[in-house]
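input_28.txt (compact mmCIF, N, CA and C atoms)
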# COMPACT_ATOMS: atom_id res chain seq x y z
N VAL A 1 -87.85 -16.95 343.62
CA VAL A 1 -86.62 -16.24 343.27
C VAL A 1 -86.55 -16.09 341.76
N GLN A 2 -86.14 -14.92 341.33
CA GLN A 2 -85.92 -14.69 339.90
C GLN A 2 -84.49 -14.25 339.69
N LEU A 3 -83.89 -14.76 338.62
CA LEU A 3 -82.54 -14.35 338.23
C LEU A 3 -82.65 -13.54 336.95
N GLN A 4 -82.02 -12.38 336.94
CA GLN A 4 -82.06 -11.48 335.79
C GLN A 4 -80.65 -11.31 335.25
N ALA A 5 -80.41 -11.84 334.06
CA ALA A 5 -79.10 -11.73 333.43
C ALA A 5 -79.08 -10.54 332.48
N SER A 6 -77.92 -9.91 332.39
CA SER A 6 -77.77 -8.76 331.49
C SER A 6 -76.31 -8.64 331.08
N GLY A 7 -76.06 -7.81 330.06
CA GLY A 7 -74.70 -7.49 329.68
C GLY A 7 -74.22 -8.11 328.39
N GLY A 8 -75.04 -8.94 327.76
CA GLY A 8 -74.62 -9.53 326.50
C GLY A 8 -74.57 -8.50 325.39
N GLY A 9 -74.04 -8.93 324.24
CA GLY A 9 -73.99 -8.01 323.11
C GLY A 9 -73.10 -8.55 322.01
N LEU A 10 -72.79 -7.67 321.08
CA LEU A 10 -71.94 -8.01 319.95
C LEU A 10 -70.58 -7.35 320.14
N VAL A 11 -69.53 -8.13 319.99
CA VAL A 11 -68.18 -7.62 320.20
C VAL A 11 -67.25 -8.28 319.19
N GLN A 12 -66.20 -7.61 318.84
CA GLN A 12 -65.21 -8.18 317.94
C GLN A 12 -64.28 -9.13 318.70
N ALA A 13 -63.70 -10.04 317.98
CA ALA A 13 -62.75 -10.97 318.60
C ALA A 13 -61.63 -10.17 319.28
N GLY A 14 -61.28 -10.63 320.47
CA GLY A 14 -60.28 -9.93 321.26
C GLY A 14 -60.88 -8.93 322.23
N GLY A 15 -62.16 -8.66 322.08
CA GLY A 15 -62.83 -7.69 322.93
C GLY A 15 -63.28 -8.27 324.25
N SER A 16 -64.00 -7.44 325.01
CA SER A 16 -64.43 -7.83 326.35
C SER A 16 -65.90 -7.50 326.56
N LEU A 17 -66.52 -8.29 327.44
CA LEU A 17 -67.88 -8.03 327.89
C LEU A 17 -67.98 -8.42 329.36
N ARG A 18 -68.92 -7.80 330.04
CA ARG A 18 -69.18 -8.16 331.43
C ARG A 18 -70.65 -8.50 331.58
N LEU A 19 -70.91 -9.72 332.02
CA LEU A 19 -72.28 -10.16 332.28
C LEU A 19 -72.60 -10.01 333.76
N SER A 20 -73.85 -9.71 334.04
CA SER A 20 -74.33 -9.62 335.42
C SER A 20 -75.56 -10.49 335.58
N CYS A 21 -75.75 -11.00 336.78
CA CYS A 21 -76.92 -11.80 337.11
C CYS A 21 -77.37 -11.41 338.50
N ALA A 22 -78.54 -10.80 338.59
CA ALA A 22 -79.06 -10.33 339.87
C ALA A 22 -80.22 -11.21 340.31
N ALA A 23 -80.23 -11.59 341.57
CA ALA A 23 -81.29 -12.43 342.13
C ALA A 23 -82.22 -11.59 342.99
N SER A 24 -83.50 -11.81 342.81
CA SER A 24 -84.49 -11.19 343.68
C SER A 24 -85.20 -12.31 344.43
N GLY A 25 -85.33 -12.17 345.74
CA GLY A 25 -85.94 -13.21 346.54
C GLY A 25 -84.93 -13.80 347.51
N ALA A 26 -85.34 -14.86 348.18
CA ALA A 26 -84.52 -15.45 349.24
C ALA A 26 -83.43 -16.33 348.66
N ILE A 27 -82.19 -15.97 348.95
CA ILE A 27 -81.03 -16.77 348.56
C ILE A 27 -80.29 -17.14 349.84
N PHE A 28 -79.84 -18.38 349.95
CA PHE A 28 -79.22 -18.87 351.17
C PHE A 28 -77.75 -19.16 350.94
N SER A 29 -76.99 -19.10 351.98
CA SER A 29 -75.58 -19.47 351.88
C SER A 29 -75.49 -20.97 351.64
N GLY A 30 -74.33 -21.41 351.21
CA GLY A 30 -74.15 -22.83 350.94
C GLY A 30 -74.62 -23.23 349.55
N ASP A 31 -74.83 -22.26 348.69
CA ASP A 31 -75.25 -22.60 347.33
C ASP A 31 -74.10 -22.35 346.36
N VAL A 32 -74.34 -22.68 345.11
CA VAL A 32 -73.35 -22.45 344.06
C VAL A 32 -74.05 -21.73 342.92
N TRP A 33 -73.41 -20.69 342.41
CA TRP A 33 -73.92 -19.96 341.26
C TRP A 33 -73.03 -20.24 340.07
N GLY A 34 -73.62 -20.25 338.90
CA GLY A 34 -72.82 -20.55 337.74
C GLY A 34 -73.32 -19.87 336.48
N TRP A 35 -72.43 -19.76 335.53
CA TRP A 35 -72.76 -19.31 334.18
C TRP A 35 -72.65 -20.51 333.25
N TYR A 36 -73.67 -20.72 332.46
CA TYR A 36 -73.69 -21.76 331.45
C TYR A 36 -73.87 -21.07 330.10
N ARG A 37 -73.53 -21.81 329.05
CA ARG A 37 -73.76 -21.26 327.72
C ARG A 37 -74.21 -22.37 326.76
N GLN A 38 -74.94 -21.93 325.75
CA GLN A 38 -75.40 -22.88 324.75
C GLN A 38 -75.23 -22.24 323.38
N ALA A 39 -74.37 -22.85 322.59
CA ALA A 39 -74.13 -22.38 321.23
C ALA A 39 -75.12 -23.07 320.29
N PRO A 40 -75.37 -22.49 319.13
CA PRO A 40 -76.32 -23.10 318.19
C PRO A 40 -75.93 -24.54 317.86
N GLY A 41 -76.89 -25.44 318.01
CA GLY A 41 -76.67 -26.83 317.68
C GLY A 41 -75.87 -27.61 318.70
N LYS A 42 -75.59 -27.01 319.84
CA LYS A 42 -74.81 -27.69 320.89
C LYS A 42 -75.59 -27.72 322.20
N GLY A 43 -75.14 -28.56 323.09
CA GLY A 43 -75.76 -28.65 324.40
C GLY A 43 -75.30 -27.54 325.32
N ARG A 44 -75.98 -27.40 326.45
CA ARG A 44 -75.61 -26.39 327.41
C ARG A 44 -74.39 -26.86 328.20
N GLU A 45 -73.42 -25.99 328.36
CA GLU A 45 -72.20 -26.35 329.08
C GLU A 45 -71.91 -25.33 330.18
N LEU A 46 -71.27 -25.83 331.24
CA LEU A 46 -70.86 -24.97 332.33
C LEU A 46 -69.65 -24.15 331.90
N VAL A 47 -69.72 -22.86 332.11
CA VAL A 47 -68.61 -21.97 331.81
C VAL A 47 -67.77 -21.73 333.06
N ALA A 48 -68.44 -21.36 334.13
CA ALA A 48 -67.74 -21.08 335.39
C ALA A 48 -68.75 -21.10 336.52
N SER A 49 -68.26 -21.39 337.73
CA SER A 49 -69.14 -21.39 338.89
C SER A 49 -68.39 -20.84 340.10
N VAL A 50 -69.18 -20.38 341.07
CA VAL A 50 -68.61 -19.86 342.30
C VAL A 50 -69.55 -20.21 343.45
N THR A 51 -68.99 -20.74 344.52
CA THR A 51 -69.80 -21.07 345.68
C THR A 51 -69.97 -19.83 346.56
N SER A 52 -70.88 -19.92 347.51
CA SER A 52 -71.07 -18.79 348.42
C SER A 52 -69.83 -18.54 349.26
N GLY A 53 -69.00 -19.56 349.39
CA GLY A 53 -67.74 -19.41 350.13
C GLY A 53 -66.59 -18.94 349.28
N GLY A 54 -66.83 -18.77 347.99
CA GLY A 54 -65.81 -18.21 347.11
C GLY A 54 -64.99 -19.22 346.32
N ARG A 55 -65.38 -20.50 346.35
CA ARG A 55 -64.63 -21.49 345.56
C ARG A 55 -65.00 -21.33 344.10
N LEU A 56 -63.99 -21.28 343.24
CA LEU A 56 -64.18 -21.02 341.81
C LEU A 56 -63.92 -22.28 340.99
N ASN A 57 -64.60 -22.33 339.86
CA ASN A 57 -64.39 -23.43 338.91
C ASN A 57 -64.59 -22.86 337.51
N TYR A 58 -63.70 -23.26 336.59
CA TYR A 58 -63.79 -22.76 335.22
C TYR A 58 -63.69 -23.92 334.23
N ALA A 59 -64.38 -23.77 333.11
CA ALA A 59 -64.16 -24.68 332.00
C ALA A 59 -62.78 -24.41 331.42
N ASP A 60 -62.14 -25.45 330.93
CA ASP A 60 -60.78 -25.30 330.38
C ASP A 60 -60.75 -24.27 329.26
N SER A 61 -61.82 -24.20 328.49
CA SER A 61 -61.84 -23.32 327.33
C SER A 61 -61.84 -21.84 327.68
N VAL A 62 -62.19 -21.50 328.92
CA VAL A 62 -62.27 -20.08 329.29
C VAL A 62 -61.29 -19.70 330.39
N ARG A 63 -60.64 -20.71 330.97
CA ARG A 63 -59.73 -20.41 332.09
C ARG A 63 -58.62 -19.46 331.61
N GLY A 64 -58.39 -18.42 332.40
CA GLY A 64 -57.39 -17.43 332.03
C GLY A 64 -57.94 -16.25 331.25
N ARG A 65 -59.15 -16.42 330.71
CA ARG A 65 -59.77 -15.33 329.93
C ARG A 65 -61.01 -14.77 330.65
N PHE A 66 -61.74 -15.63 331.33
CA PHE A 66 -62.97 -15.24 332.03
C PHE A 66 -62.73 -15.24 333.52
N THR A 67 -63.43 -14.32 334.20
CA THR A 67 -63.37 -14.26 335.65
C THR A 67 -64.78 -14.17 336.22
N ILE A 68 -65.11 -15.11 337.09
CA ILE A 68 -66.42 -15.12 337.73
C ILE A 68 -66.28 -14.55 339.13
N SER A 69 -67.30 -13.84 339.57
CA SER A 69 -67.31 -13.30 340.93
C SER A 69 -68.75 -13.14 341.38
N ARG A 70 -68.94 -13.00 342.67
CA ARG A 70 -70.28 -12.77 343.20
C ARG A 70 -70.20 -11.83 344.38
N ASP A 71 -71.23 -11.04 344.52
CA ASP A 71 -71.37 -10.12 345.65
C ASP A 71 -72.56 -10.63 346.46
N ASN A 72 -72.28 -11.33 347.54
CA ASN A 72 -73.35 -11.93 348.33
C ASN A 72 -74.28 -10.88 348.93
N ALA A 73 -73.74 -9.73 349.27
CA ALA A 73 -74.56 -8.68 349.86
C ALA A 73 -75.59 -8.15 348.87
N LYS A 74 -75.22 -8.17 347.59
CA LYS A 74 -76.12 -7.67 346.54
C LYS A 74 -76.83 -8.79 345.81
N ASN A 75 -76.57 -10.05 346.19
CA ASN A 75 -77.15 -11.19 345.47
C ASN A 75 -76.93 -11.07 343.97
N THR A 76 -75.73 -10.74 343.60
CA THR A 76 -75.39 -10.53 342.20
C THR A 76 -74.11 -11.28 341.85
N MET A 77 -74.11 -11.84 340.65
CA MET A 77 -72.95 -12.55 340.14
C MET A 77 -72.50 -11.88 338.84
N TYR A 78 -71.21 -11.96 338.57
CA TYR A 78 -70.65 -11.33 337.39
C TYR A 78 -69.79 -12.33 336.61
N LEU A 79 -69.65 -12.07 335.34
CA LEU A 79 -68.71 -12.82 334.51
C LEU A 79 -67.98 -11.81 333.63
N GLU A 80 -66.72 -11.60 333.94
CA GLU A 80 -65.87 -10.72 333.15
C GLU A 80 -65.24 -11.58 332.05
N MET A 81 -65.51 -11.22 330.80
CA MET A 81 -65.02 -12.02 329.68
C MET A 81 -64.05 -11.18 328.86
N ASN A 82 -62.81 -11.63 328.80
CA ASN A 82 -61.77 -10.94 328.05
C ASN A 82 -61.25 -11.83 326.94
N SER A 83 -60.55 -11.24 325.99
CA SER A 83 -59.97 -11.99 324.87
C SER A 83 -61.02 -12.89 324.22
N LEU A 84 -62.17 -12.34 323.98
CA LEU A 84 -63.26 -13.14 323.44
C LEU A 84 -62.93 -13.67 322.05
N GLU A 85 -63.43 -14.88 321.80
CA GLU A 85 -63.19 -15.59 320.55
C GLU A 85 -64.54 -15.89 319.90
N PRO A 86 -64.56 -16.05 318.58
CA PRO A 86 -65.84 -16.41 317.92
C PRO A 86 -66.48 -17.66 318.53
N GLU A 87 -65.64 -18.56 319.05
CA GLU A 87 -66.16 -19.79 319.65
C GLU A 87 -66.91 -19.52 320.95
N ASP A 88 -66.79 -18.33 321.49
CA ASP A 88 -67.53 -17.98 322.72
C ASP A 88 -68.95 -17.53 322.41
N THR A 89 -69.28 -17.42 321.14
CA THR A 89 -70.64 -17.02 320.75
C THR A 89 -71.65 -18.04 321.24
N ALA A 90 -72.62 -17.57 322.01
CA ALA A 90 -73.62 -18.46 322.59
C ALA A 90 -74.63 -17.62 323.36
N ILE A 91 -75.68 -18.29 323.80
CA ILE A 91 -76.57 -17.68 324.79
C ILE A 91 -76.04 -18.08 326.16
N TYR A 92 -75.86 -17.10 327.00
CA TYR A 92 -75.32 -17.33 328.34
C TYR A 92 -76.45 -17.27 329.37
N TYR A 93 -76.48 -18.27 330.24
CA TYR A 93 -77.51 -18.39 331.27
C TYR A 93 -76.87 -18.39 332.65
N CYS A 94 -77.51 -17.74 333.59
CA CYS A 94 -77.03 -17.83 334.97
C CYS A 94 -77.92 -18.80 335.76
N ASN A 95 -77.31 -19.41 336.75
CA ASN A 95 -77.98 -20.44 337.54
C ASN A 95 -77.59 -20.31 339.00
N ALA A 96 -78.55 -20.56 339.87
CA ALA A 96 -78.28 -20.62 341.31
C ALA A 96 -78.84 -21.93 341.82
N LYS A 97 -77.98 -22.71 342.47
CA LYS A 97 -78.36 -24.06 342.85
C LYS A 97 -77.94 -24.33 344.30
N ARG A 98 -78.85 -24.96 345.03
CA ARG A 98 -78.54 -25.37 346.41
C ARG A 98 -78.95 -26.82 346.56
N LEU A 99 -78.03 -27.68 346.97
CA LEU A 99 -78.26 -29.11 346.94
C LEU A 99 -78.85 -29.65 348.22
N TRP A 100 -78.93 -28.85 349.28
CA TRP A 100 -79.54 -29.33 350.52
C TRP A 100 -80.61 -28.33 350.94
N LEU A 101 -81.39 -28.71 351.93
CA LEU A 101 -82.56 -27.92 352.28
C LEU A 101 -82.18 -26.52 352.75
N PRO A 102 -82.88 -25.51 352.32
CA PRO A 102 -83.89 -25.53 351.27
C PRO A 102 -83.25 -25.65 349.88
N ARG A 103 -83.62 -26.70 349.19
CA ARG A 103 -83.06 -26.93 347.86
C ARG A 103 -83.68 -25.97 346.85
N TYR A 104 -82.85 -25.56 345.89
CA TYR A 104 -83.39 -24.80 344.76
C TYR A 104 -82.47 -24.93 343.57
N ASP A 105 -83.02 -24.62 342.43
CA ASP A 105 -82.31 -24.67 341.16
C ASP A 105 -82.99 -23.66 340.24
N PHE A 106 -82.48 -22.44 340.27
CA PHE A 106 -83.09 -21.34 339.53
C PHE A 106 -82.24 -20.98 338.32
N TRP A 107 -82.94 -20.63 337.23
CA TRP A 107 -82.28 -20.22 336.00
C TRP A 107 -82.74 -18.82 335.61
N GLY A 108 -81.82 -18.04 335.10
CA GLY A 108 -82.18 -16.76 334.54
C GLY A 108 -82.48 -16.92 333.06
N GLN A 109 -83.04 -15.87 332.49
CA GLN A 109 -83.24 -15.89 331.05
C GLN A 109 -81.88 -15.74 330.38
N GLY A 110 -81.71 -16.17 329.21
CA GLY A 110 -80.42 -16.09 328.54
C GLY A 110 -80.10 -14.70 328.06
N THR A 111 -78.82 -14.45 327.90
CA THR A 111 -78.35 -13.21 327.29
C THR A 111 -77.38 -13.58 326.17
N GLN A 112 -77.61 -13.02 325.00
CA GLN A 112 -76.84 -13.40 323.82
C GLN A 112 -75.49 -12.71 323.80
N VAL A 113 -74.46 -13.51 323.57
CA VAL A 113 -73.11 -12.99 323.35
C VAL A 113 -72.68 -13.42 321.95
N THR A 114 -72.33 -12.46 321.13
CA THR A 114 -71.89 -12.74 319.77
C THR A 114 -70.53 -12.11 319.55
N VAL A 115 -69.58 -12.95 319.16
CA VAL A 115 -68.21 -12.48 318.92
C VAL A 115 -67.93 -12.62 317.43
N SER A 116 -67.65 -11.53 316.79
CA SER A 116 -67.37 -11.54 315.35
C SER A 116 -65.87 -11.65 315.11
N SER A 117 -65.54 -12.32 314.02
CA SER A 117 -64.12 -12.52 313.69
C SER A 117 -63.59 -11.38 312.85

Would it be possible to restate this file's structure as structure tokens?
Amino acid sequence: VQLQASGGGLVQAGGSLRLSCAASGAIFSGDVWGWYRQAPGKGRELVASVTSGGRLNYADSVRGRFTISRDNAKNTMYLEMNSLEPEDTAIYYCNAKRLWLPRYDFWGQGTQVTVSS
């Protein structure tokens, strides 16, 4: 399985971006997809996640500004980012993880998001 992330770019503070992550290959129900980010000099952190059943989870720093969603029929996940702040500047990675058989833990390549003040 390969995950392809897209949609990053440069935006001014207060602006919006939409990230997409498309999976090619076999994806099973019962997994969780997520967006992570890594800012320069910092560790990778979870931004938001969504299970195949639609359960959502957000980091406190983005709750109310970001919206995660997934289209199971298209094997695609999205992250709608509004009211962007310079602190949101990071490389964003998508992940698909399944904790029981068949287990998997796939990562997409990063997409750069830069928010200017």

*Take atom C of Ala39 in chain A and CA of Asp71 in chain A and report the distance between them in Å, one decimal.*
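Going from atom C of Ala39 in chain A over to CA of Asp71 in chain A covers 28.7 Å.
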
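Using only C-alpha atoms, the nearest neighbour of Asn75 in chain A within the list A:Ser16, A:Leu101, A:Gly7, A:Ala96 is A:Ala96.
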
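Distance check against Gly30 in chain A using only C-alpha atoms: of A:Pro86, A:Gly54, A:Gly108, A:Gly43, the minimum falls on A:Gly54.
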
*asked:* As an exercise, work out the distance from CA of Asn72 in chain A to CA of Gly25 in chain A in Å and give it to one decimal place.
replied: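 Separation of CA of Asn72 in chain A and CA of Gly25 in chain A: 12.8 Å.
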
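When only N, CA and C atoms are used to measure the gap to Ser61 in chain A, the shortest distance among A:Val47, A:Val32, A:Cys94, A:Leu10 belongs to A:Val47.
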
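Considering all atoms listed in the file, the residue among A:Asn57, A:Arg98, A:Tyr93, A:Ser116 positioned nearest to Phe28 in chain A is A:Arg98.
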
*Write out as JSON, numbers by chain all residues of chain A that backbone DSSP assigns to strand (DSSP E).*
{"A": [2, 3, 4, 5, 6, 9, 10, 11, 12, 17, 18, 19, 20, 21, 22, 23, 24, 32, 33, 34, 35, 36, 37, 38, 44, 45, 46, 47, 48, 49, 50, 51, 56, 57, 58, 66, 67, 68, 69, 70, 71, 76, 77, 78, 79, 80, 81, 90, 91, 92, 93, 94, 95, 96, 97, 98, 104, 105, 106, 107, 111, 112, 113, 114, 115, 116]}

*Select, from A:Asp88, A:Asn95, A:Arg103, A:Ser83, the residue with the minimum atom-to-atom distance to Gly34 in chain A, counting only N, CA and C atoms.*
A:Asn95

*Which distance in Å separates atom C of Thr111 in chain A and CA of Gly9 in chain A, to one decimal?*
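About the pair atom C of Thr111 in chain A and CA of Gly9 in chain A: they are 7.2 Å apart.
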
*Would you mind telling me which residue in A:Ile68, A:Ala13, A:Val113, A:Asp31 lies nearest to Ala48 in chain A when using only N, CA and C atoms?*
A:Ile68

*List every protein, DNA or RNA residue that has an atom no more than 7 Å from (-86.6, -18.4, 342.3) in the file's coordinate frame, counting only N, CA and C atoms, and report them as a ChimeraX atom specification.*
/A:1-3,24-26,105-107

*Counting all atoms listed in the file, what is within 6.5 Å of Pro40 in chain A, bar same-chain residues fewer than 4 positions away, as a list in words?*
Thr89, Ala90 and Ile91 of chain A

Could you put an axis-aligned box around every listed atom of range 19-22 of chain A, padded by 8 Å on each side, and send me its centre and edge lengths in Å to one decimal, as AutoDock Vina command-line options?
--center_x -75.6 --center_y -10.7 --center_z 336.2 --size_x 25.3 --size_y 18.2 --size_z 24.3

_Exercise: residues within 5 Å of coordinate (-70.1, -21.1, 343.5), counting only N, CA and C atoms, as a list in words_ =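 The residues that fall inside the cut-off are Val32, Trp33, Ser49, Val50, Thr51 and Ser52 of chain A.
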